[in-house]
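Visitor: Structure file data-v4.cif (mmCIF, C-alpha atoms) right here:
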data_work
#
loop_
_atom_site.label_atom_id
_atom_site.label_comp_id
_atom_site.auth_asym_id
_atom_site.auth_seq_id
_atom_site.Cartn_x
_atom_site.Cartn_y
_atom_site.Cartn_z
CA ASP A 79 0.00 0.00 0.00
CA PRO A 80 1.08 3.68 -0.17
CA ASN A 81 2.25 3.60 3.46
CA GLY A 82 4.81 0.91 2.71
CA GLU A 83 2.82 -1.79 4.45
CA PHE A 84 2.99 -5.28 2.99
CA TYR A 85 -0.25 -6.33 1.37
CA GLU A 86 -0.92 -9.97 2.05
CA GLN A 87 -3.15 -11.74 -0.41
CA ARG A 88 -4.21 -15.07 1.08
CA THR A 89 -5.73 -16.54 -2.08
CA ALA A 90 -4.44 -16.53 -5.63
CA LYS A 91 -6.14 -14.18 -8.05
CA TRP A 92 -6.09 -16.95 -10.66
CA THR A 93 -4.78 -20.48 -10.92
CA LYS A 94 -3.93 -21.63 -14.43
CA ARG A 95 -3.53 -25.31 -15.24
CA ASN A 96 -2.74 -25.10 -18.95
CA HIS A 97 0.83 -26.44 -18.74
CA THR A 98 1.26 -30.21 -18.86
CA ALA A 99 4.70 -30.24 -17.20
CA ALA A 100 6.54 -28.17 -14.63
CA VAL A 101 6.42 -24.41 -15.23
CA LYS A 102 10.08 -23.49 -15.65
CA ALA A 103 9.91 -19.97 -17.08
CA ILE A 104 7.97 -16.81 -16.22
CA ALA A 105 8.49 -13.28 -17.58
CA TRP A 106 6.66 -9.95 -17.52
CA CYS A 107 6.56 -7.91 -20.70
CA PRO A 108 8.28 -4.50 -20.35
CA TRP A 109 6.24 -2.81 -23.10
CA GLN A 110 2.82 -4.22 -22.20
CA ASP A 111 2.48 -4.37 -18.43
CA SER A 112 -0.50 -6.74 -18.43
CA LEU A 113 1.31 -9.39 -20.52
CA LEU A 114 2.97 -12.38 -18.86
CA ALA A 115 4.68 -15.35 -20.53
CA THR A 116 5.06 -18.79 -18.95
CA GLY A 117 6.99 -21.78 -20.29
CA GLY A 118 6.62 -25.49 -19.60
CA GLY A 119 9.10 -28.32 -19.25
CA THR A 120 9.80 -31.44 -21.29
CA GLY A 121 6.30 -32.89 -21.47
CA ASP A 122 4.83 -29.50 -22.37
CA ALA A 123 7.36 -27.43 -24.37
CA THR A 124 4.83 -24.60 -24.71
CA VAL A 125 4.94 -20.88 -23.98
CA HIS A 126 1.60 -19.41 -22.92
CA PHE A 127 0.88 -15.68 -22.91
CA TRP A 128 -1.56 -14.27 -20.37
CA ASN A 129 -3.47 -11.03 -19.90
CA THR A 130 -2.94 -10.46 -16.19
CA ASN A 131 -5.84 -8.00 -15.97
CA THR A 132 -8.42 -10.52 -17.15
CA GLY A 133 -6.68 -13.87 -16.58
CA ALA A 134 -7.25 -14.83 -20.22
CA ARG A 135 -4.69 -16.79 -22.19
CA VAL A 136 -4.09 -14.63 -25.27
CA ALA A 137 -1.65 -16.80 -27.23
CA SER A 138 0.42 -19.98 -27.10
CA LEU A 139 3.55 -21.16 -28.87
CA THR A 140 4.58 -24.81 -29.11
CA THR A 141 8.37 -25.18 -29.18
CA PRO A 142 10.64 -28.12 -30.10
CA GLY A 143 11.81 -28.74 -26.53
CA GLN A 144 11.42 -27.97 -22.85
CA VAL A 145 11.28 -24.23 -22.17
CA THR A 146 13.85 -23.31 -19.52
CA SER A 147 13.54 -19.52 -19.60
CA VAL A 148 11.74 -16.70 -21.37
CA HIS A 149 12.53 -12.97 -21.60
CA PHE A 150 11.00 -10.05 -23.45
CA THR A 151 13.35 -7.41 -24.80
CA PRO A 152 12.42 -3.76 -24.29
CA LEU A 153 14.01 -2.99 -27.68
CA ALA A 154 11.45 -4.69 -29.95
CA LYS A 155 8.16 -6.54 -29.87
CA GLU A 156 10.11 -9.78 -29.44
CA PHE A 157 10.95 -12.42 -26.86
CA VAL A 158 13.66 -15.03 -26.40
CA THR A 159 13.26 -18.56 -25.09
CA THR A 160 15.92 -21.00 -24.01
CA HIS A 161 15.51 -24.74 -24.25
CA GLY A 162 16.71 -28.03 -22.93
CA TYR A 163 16.27 -31.46 -24.41
CA PRO A 164 16.36 -32.12 -27.31
CA THR A 165 17.57 -28.82 -28.86
CA ASN A 166 19.57 -27.00 -26.12
CA SER A 167 18.77 -23.89 -28.12
CA VAL A 168 18.14 -20.16 -27.88
CA MET A 169 15.21 -18.91 -29.98
CA VAL A 170 13.91 -15.40 -30.76
CA HIS A 171 10.28 -14.85 -31.79
CA SER A 172 8.18 -11.81 -32.61
CA TYR A 173 5.10 -10.99 -30.57
CA PRO A 174 2.19 -11.28 -31.20
CA SER A 175 2.77 -13.12 -34.52
CA MET A 176 4.99 -15.80 -32.89
CA THR A 177 7.14 -15.81 -36.02
CA LYS A 178 10.55 -17.37 -35.37
CA ILE A 179 13.18 -14.73 -36.11
CA GLY A 180 16.25 -16.78 -35.30
CA GLU A 181 17.59 -19.82 -33.51
CA ILE A 182 20.93 -20.88 -32.11
CA LYS A 183 20.72 -24.68 -32.18
CA ASP A 184 22.91 -26.59 -29.73
CA ALA A 185 23.80 -23.36 -27.94
CA HIS A 186 25.25 -25.59 -25.22
CA ASP A 187 26.37 -29.22 -25.07
CA SER A 188 23.58 -29.95 -22.58
CA ARG A 189 20.30 -28.34 -21.62
CA VAL A 190 20.19 -24.63 -20.93
CA ILE A 191 19.23 -24.38 -17.28
CA TYR A 192 19.00 -20.65 -16.73
CA SER A 193 19.37 -17.30 -18.46
CA ALA A 194 19.26 -13.61 -17.64
CA ILE A 195 18.65 -10.63 -19.89
CA SER A 196 21.06 -7.69 -19.76
CA PRO A 197 19.97 -4.35 -18.28
CA SER A 198 20.08 -2.81 -21.79
CA GLY A 199 17.91 -5.62 -23.15
CA ASP A 200 20.21 -6.45 -26.07
CA SER A 201 21.89 -9.60 -24.73
CA ILE A 202 21.30 -12.66 -22.63
CA VAL A 203 23.64 -14.90 -20.72
CA THR A 204 22.89 -18.62 -20.52
CA GLY A 205 24.04 -21.23 -18.06
CA ALA A 206 23.83 -24.94 -18.77
CA GLY A 207 24.55 -28.41 -17.50
CA ASP A 208 27.78 -28.35 -19.51
CA GLU A 209 29.21 -26.09 -16.75
CA ASN A 210 29.52 -23.12 -19.12
CA ILE A 211 28.01 -19.67 -19.26
CA LYS A 212 27.70 -18.04 -22.67
CA PHE A 213 26.90 -14.49 -23.68
CA TRP A 214 24.64 -13.85 -26.68
CA LYS A 215 24.02 -10.46 -28.31
CA LEU A 216 20.54 -10.81 -29.83
CA TRP A 217 19.30 -7.25 -30.45
CA GLU A 218 20.72 -3.90 -31.41
CA VAL A 219 20.46 -0.99 -29.01
CA PRO A 220 19.34 2.07 -30.98
CA PRO A 221 22.26 4.45 -31.42
CA LYS A 222 22.28 7.59 -29.32
CA LYS A 223 22.05 10.77 -31.34
CA GLN A 224 24.63 13.46 -30.74
CA LYS A 225 22.98 16.65 -29.63
CA GLY A 226 22.28 18.95 -32.54
CA SER A 227 23.98 16.82 -35.19
CA GLY A 228 21.44 14.07 -35.86
CA LYS A 229 24.37 11.63 -36.22
CA SER A 230 24.82 8.35 -34.40
CA SER A 231 27.55 8.10 -31.81
CA SER A 232 27.71 4.29 -31.61
CA SER A 233 26.96 1.15 -33.57
CA SER A 234 26.08 -2.40 -32.59
CA VAL A 235 26.63 -5.78 -34.21
CA LEU A 236 23.94 -8.44 -34.35
CA THR A 237 25.04 -12.01 -33.85
CA LEU A 238 21.76 -13.90 -34.36
CA ARG A 239 20.21 -12.27 -37.40
#
Would it be possible to restate this file's structure as structure tokens?

Guide:
Amino acid sequence: DPNGEFYEQRTAKWTKRNHTAAVKAIAWCPWQDSLLATGGGTGDATVHFWNTNTGARVASLTTPGQVTSVHFTPLAKEFVTTHGYPTNSVMVHSYPSMTKIGEIKDAHDSRVIYSAISPSGDSIVTGAGDENIKFWKLWEVPPKKQKGSGKSSSSSVLTLR
């Protein structure tokens, strides 16, 4: 509440039972605050998208393997998923069309267990059962304009597209 008191909700607003395996990934959308994505494990391999104001499922995406993490980038209407068996991949899709934009197959030698998106939203880091962490630049940060000149002061390189 506004006084800094903790608000305790004793019952869930909604309970969703659409996944058919463990829910392994959850992410809020930075450009649409009522949009939430959830991803299911091996027996499910699906990302569901939810309107958190109404509780409605607004879209779903079936993937080729267990979903181990999901992140939206603030730089585009896109999201990234990481996967375990059988692909161990990193995939980028557009939202809401669900069109696959790119995929890094066998990103690790074993399943991707976790990932985090960078503060700038252009990269992710993945950790896997192969005891490695890997850094992936997936999006371009728009160049900053120099004051008064209209020229860019930096450039970025895409590694997935």

Visitor: Just the residues within 12 Å of stretch 111-121 of chain A, please, counting only C-alpha atoms, with nothing from its chain fewer than 6 positions along; format it as number ranges by chain.

Guide: A: 94-105, 127-150, 152, 155-166, 173-174, 189-191

Visitor: Can you work out the spacing between atom CA of A:Ser198 and atom CA of A:Glu181 in Å, to one decimal?

Guide: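 Going from atom CA of A:Ser198 over to atom CA of A:Glu181, I get 20.8 Å.
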
Visitor: Could you check how far atom CA of A:Phe213 sits from atom CA of A:Ser175, in Å to one decimal?

Guide: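 Calculated distance between atom CA of A:Phe213 and atom CA of A:Ser175 is 26.5 Å.
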
Visitor: Using atom CA of A:Leu153 and atom CA of A:Ser201 as the two end points, give the distance in Å to one decimal.

Guide: 10.7 Å

Visitor: For the PyMOL selection byres ((chain A and resi 216) around 12), applied here, can you spell out every residue it catches as a VMD selection string?

Guide: chain A and resid 149 to 151 153 to 154 156 to 159 168 to 171 179 to 182 195 to 196 198 to 203 213 to 215 217 to 219 234 to 239

Visitor: Using the chain letters and numbers from the file, which residues does the PyMOL selection byres ((chain A and resi 188) around 6) grab, as a VMD selection string?

Guide: chain A and resid 186 to 187 189 207 to 208

Visitor: Hey, can I get the axis-aligned box for stretch 87-97 of chain A? All listed atoms, 6 Å padding on each side, centre and edge lengths in Å to one decimal, as AutoDock Vina command-line options.

Guide:
--center_x -2.7 --center_y -19.1 --center_z -8.9 --size_x 19.0 --size_y 26.7 --size_z 32.0
